[in-house]
Structure formats: structure tokens, C-alpha cells
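Here is the structure we will look at, set down as C-alpha cells.
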Amino acid sequence: MPMTQPKDIPPDCFGELEIVFPMGDDGLRHTPALCFECPFKTECLRSGLKGRAGLKVHEEHLARSYHSGAISFVERWSRKKAIERRKAKGLKDSRFRWRLNHCKKNQSD
């Protein structure tokens with residue numbers, strides 16, 4: 001975070017997982033050293049993990065857990081299904097709104 005930025009305003013990189021939690025050379029995600037100094041680091045990571053990019057991080061973690069033997073096939077399947085539901089829920093919400101607007105438009109014609 002630049003020194004000239006006020007302490008109560010988050011930086012521009014806030015919640016951007018590819019910036020604040022990038023993939024390292026070892027195939028794992030790491031927080032850059034600059035982020036450790038930022039007063040918004042915890043909220044920033046939480047915010048980033050709540051979005052669609054966060055679901056990708058959860059999928060990566062799930063794959064590593066399964067390949068290392070930490071979870072069973074059934075547990076992996078169940079968690080993958082939950083992640084897919086969360087992805088689809090976001091799409092259904094926007095699709096529902098589109099249908100609602102489309103129906104209202106057709107009714108007014």
C-alpha cells in the first residue's frame with residue numbers, strides 16, 4: 001500500500017486474488033510480502049475468496065486434498081458438487097433477472 005494513501009481507504013488491489021494471492025512457482029498460492037504490511041489484508045483475502053475467483057481457489061485446494069489422500073472420492077465428489085451449485089446459483093440469479101425483465105418487456109408490447 002502506498003504511503004500517500006489514507007489508512008481508511010482500501011487500495012485498488014483490494015479483493016483481487018491474482019494480485020493479493022497469486023499462484024507461486026511451486027503450484028501453491030502465496031501472499032506477497034507487501035500485503036503483510038497492509039491493514040486491510042484479512043478483509044481483502046476474505047473478499048477475494050467470496051467471489052467467483054474464490055471458488056477456483058477452493059477447487060484447487062480440493063484437488064490437492066484428494067490427490068494427497070486427505071479426503072475420499074465421495075468427499076471430493078460432494079464438495080465439487082457444492083462448488084458447482086454455488087457457481088450455478090450465481091448464473092441462475094442473473095438468468096432469473098433476465099427472464100423477469102424479458103417478461104415485463106413482452107407484457108408492455
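Labels used: A, B, ... for chains in the order of the C-alpha cells, numbers from 1 for residues in each chain, and numbers from 1 for ligands as shown.
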
- Nearby residues (only C-alpha atoms) at most 9 Å from stretch 72-84 of chain A, same-chain spacing under 2 positions excluded, as a list of chain:residue names: A:Leu55, A:Lys56, A:His58, A:Glu59, A:Leu62, A:Ala63, A:Ser65, A:Tyr66, A:Gly69, A:Ala70, A:Arg86, A:Lys87, A:Ala88, A:Lys89

Would you save the residues from that selection as a PDB file, in the first residue's frame, using C-alpha atoms?
ATOM      1  CA  LEU A  55     -14.414 -20.830  -5.992  1.00  0.00           C
ATOM      2  CA  LYS A  56     -11.451 -21.565  -8.245  1.00  0.00           C
ATOM      3  CA  HIS A  58     -11.446 -23.860  -3.356  1.00  0.00           C
ATOM      4  CA  GLU A  59     -11.378 -26.217  -6.355  1.00  0.00           C
ATOM      5  CA  LEU A  62      -9.948 -29.767  -3.159  1.00  0.00           C
ATOM      6  CA  ALA A  63      -7.862 -31.298  -5.951  1.00  0.00           C
ATOM      7  CA  SER A  65      -6.507 -32.734  -0.871  1.00  0.00           C
ATOM      8  CA  TYR A  66      -7.817 -35.597  -2.971  1.00  0.00           C
ATOM      9  CA  GLY A  69      -5.214 -38.801   0.090  1.00  0.00           C
ATOM     10  CA  ALA A  70      -6.560 -36.386   2.713  1.00  0.00           C
ATOM     11  CA  ARG A  86     -22.548 -22.172  -5.859  1.00  0.00           C
ATOM     12  CA  LYS A  87     -21.333 -21.353  -9.378  1.00  0.00           C
ATOM     13  CA  ALA A  88     -24.704 -22.173 -10.906  1.00  0.00           C
ATOM     14  CA  LYS A  89     -26.557 -20.173  -8.279  1.00  0.00           C
TER      15      LYS A  89
END

- From the set A:Glu60, A:Ser47, A:Gly15, A:Lys41, which residue has the shortest atom-to-atom contact distance to A:Gly27, counting only C-alpha atoms? A:Glu60

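The two atoms in question, atom CA of A:Pro10 and atom CA of A:Glu43, are spaced 9.7 Å apart.
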
- Item | Computed interatomic separation between atom CA of A:Cys44 and atom CA of A:Leu17 (Å) | 8.7 Å

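Here the question is which of A:Cys13, A:Gly48, A:Gly90, A:Ala53 gets nearest to A:Leu34 using only C-alpha atoms, and that residue is A:Cys13.
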
- Work out how far apart atom CA of A:Glu37 and atom CA of A:Asp8 are and give it in Å to one decimal. 14.3 Å

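Using only C-alpha atoms, the protein and nucleic acid residues lying no more than 7 Å from A:Val20, apart from those fewer than 3 places from it along its own chain, are Glu16, Leu17, Thr31, Pro32 and Cys35 of chain A.
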
Residues just named, written with N, CA and C atoms as an mmCIF file, in the first residue's frame:
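Writing done, so here's again.cif:
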data_model
loop_
_atom_site.group_PDB
_atom_site.id
_atom_site.type_symbol
_atom_site.label_atom_id
_atom_site.label_comp_id
_atom_site.auth_asym_id
_atom_site.auth_seq_id
_atom_site.Cartn_x
_atom_site.Cartn_y
_atom_site.Cartn_z
ATOM 1 N N GLU A 16 -8.594 -8.515 -5.225
ATOM 2 C CA GLU A 16 -8.152 -9.090 -6.493
ATOM 3 C C GLU A 16 -7.215 -10.256 -6.197
ATOM 4 N N LEU A 17 -7.723 -11.468 -6.280
ATOM 5 C CA LEU A 17 -6.942 -12.643 -5.864
ATOM 6 C C LEU A 17 -5.675 -12.849 -6.668
ATOM 7 N N THR A 31 0.801 -15.182 -0.428
ATOM 8 C CA THR A 31 0.542 -13.757 -0.258
ATOM 9 C C THR A 31 1.858 -13.002 -0.435
ATOM 10 N N PRO A 32 1.898 -11.969 -1.290
ATOM 11 C CA PRO A 32 3.125 -11.187 -1.463
ATOM 12 C C PRO A 32 3.529 -10.473 -0.170
ATOM 13 N N CYS A 35 1.730 -7.268 0.968
ATOM 14 C CA CYS A 35 0.385 -7.402 1.535
ATOM 15 C C CYS A 35 0.418 -7.575 3.063
#
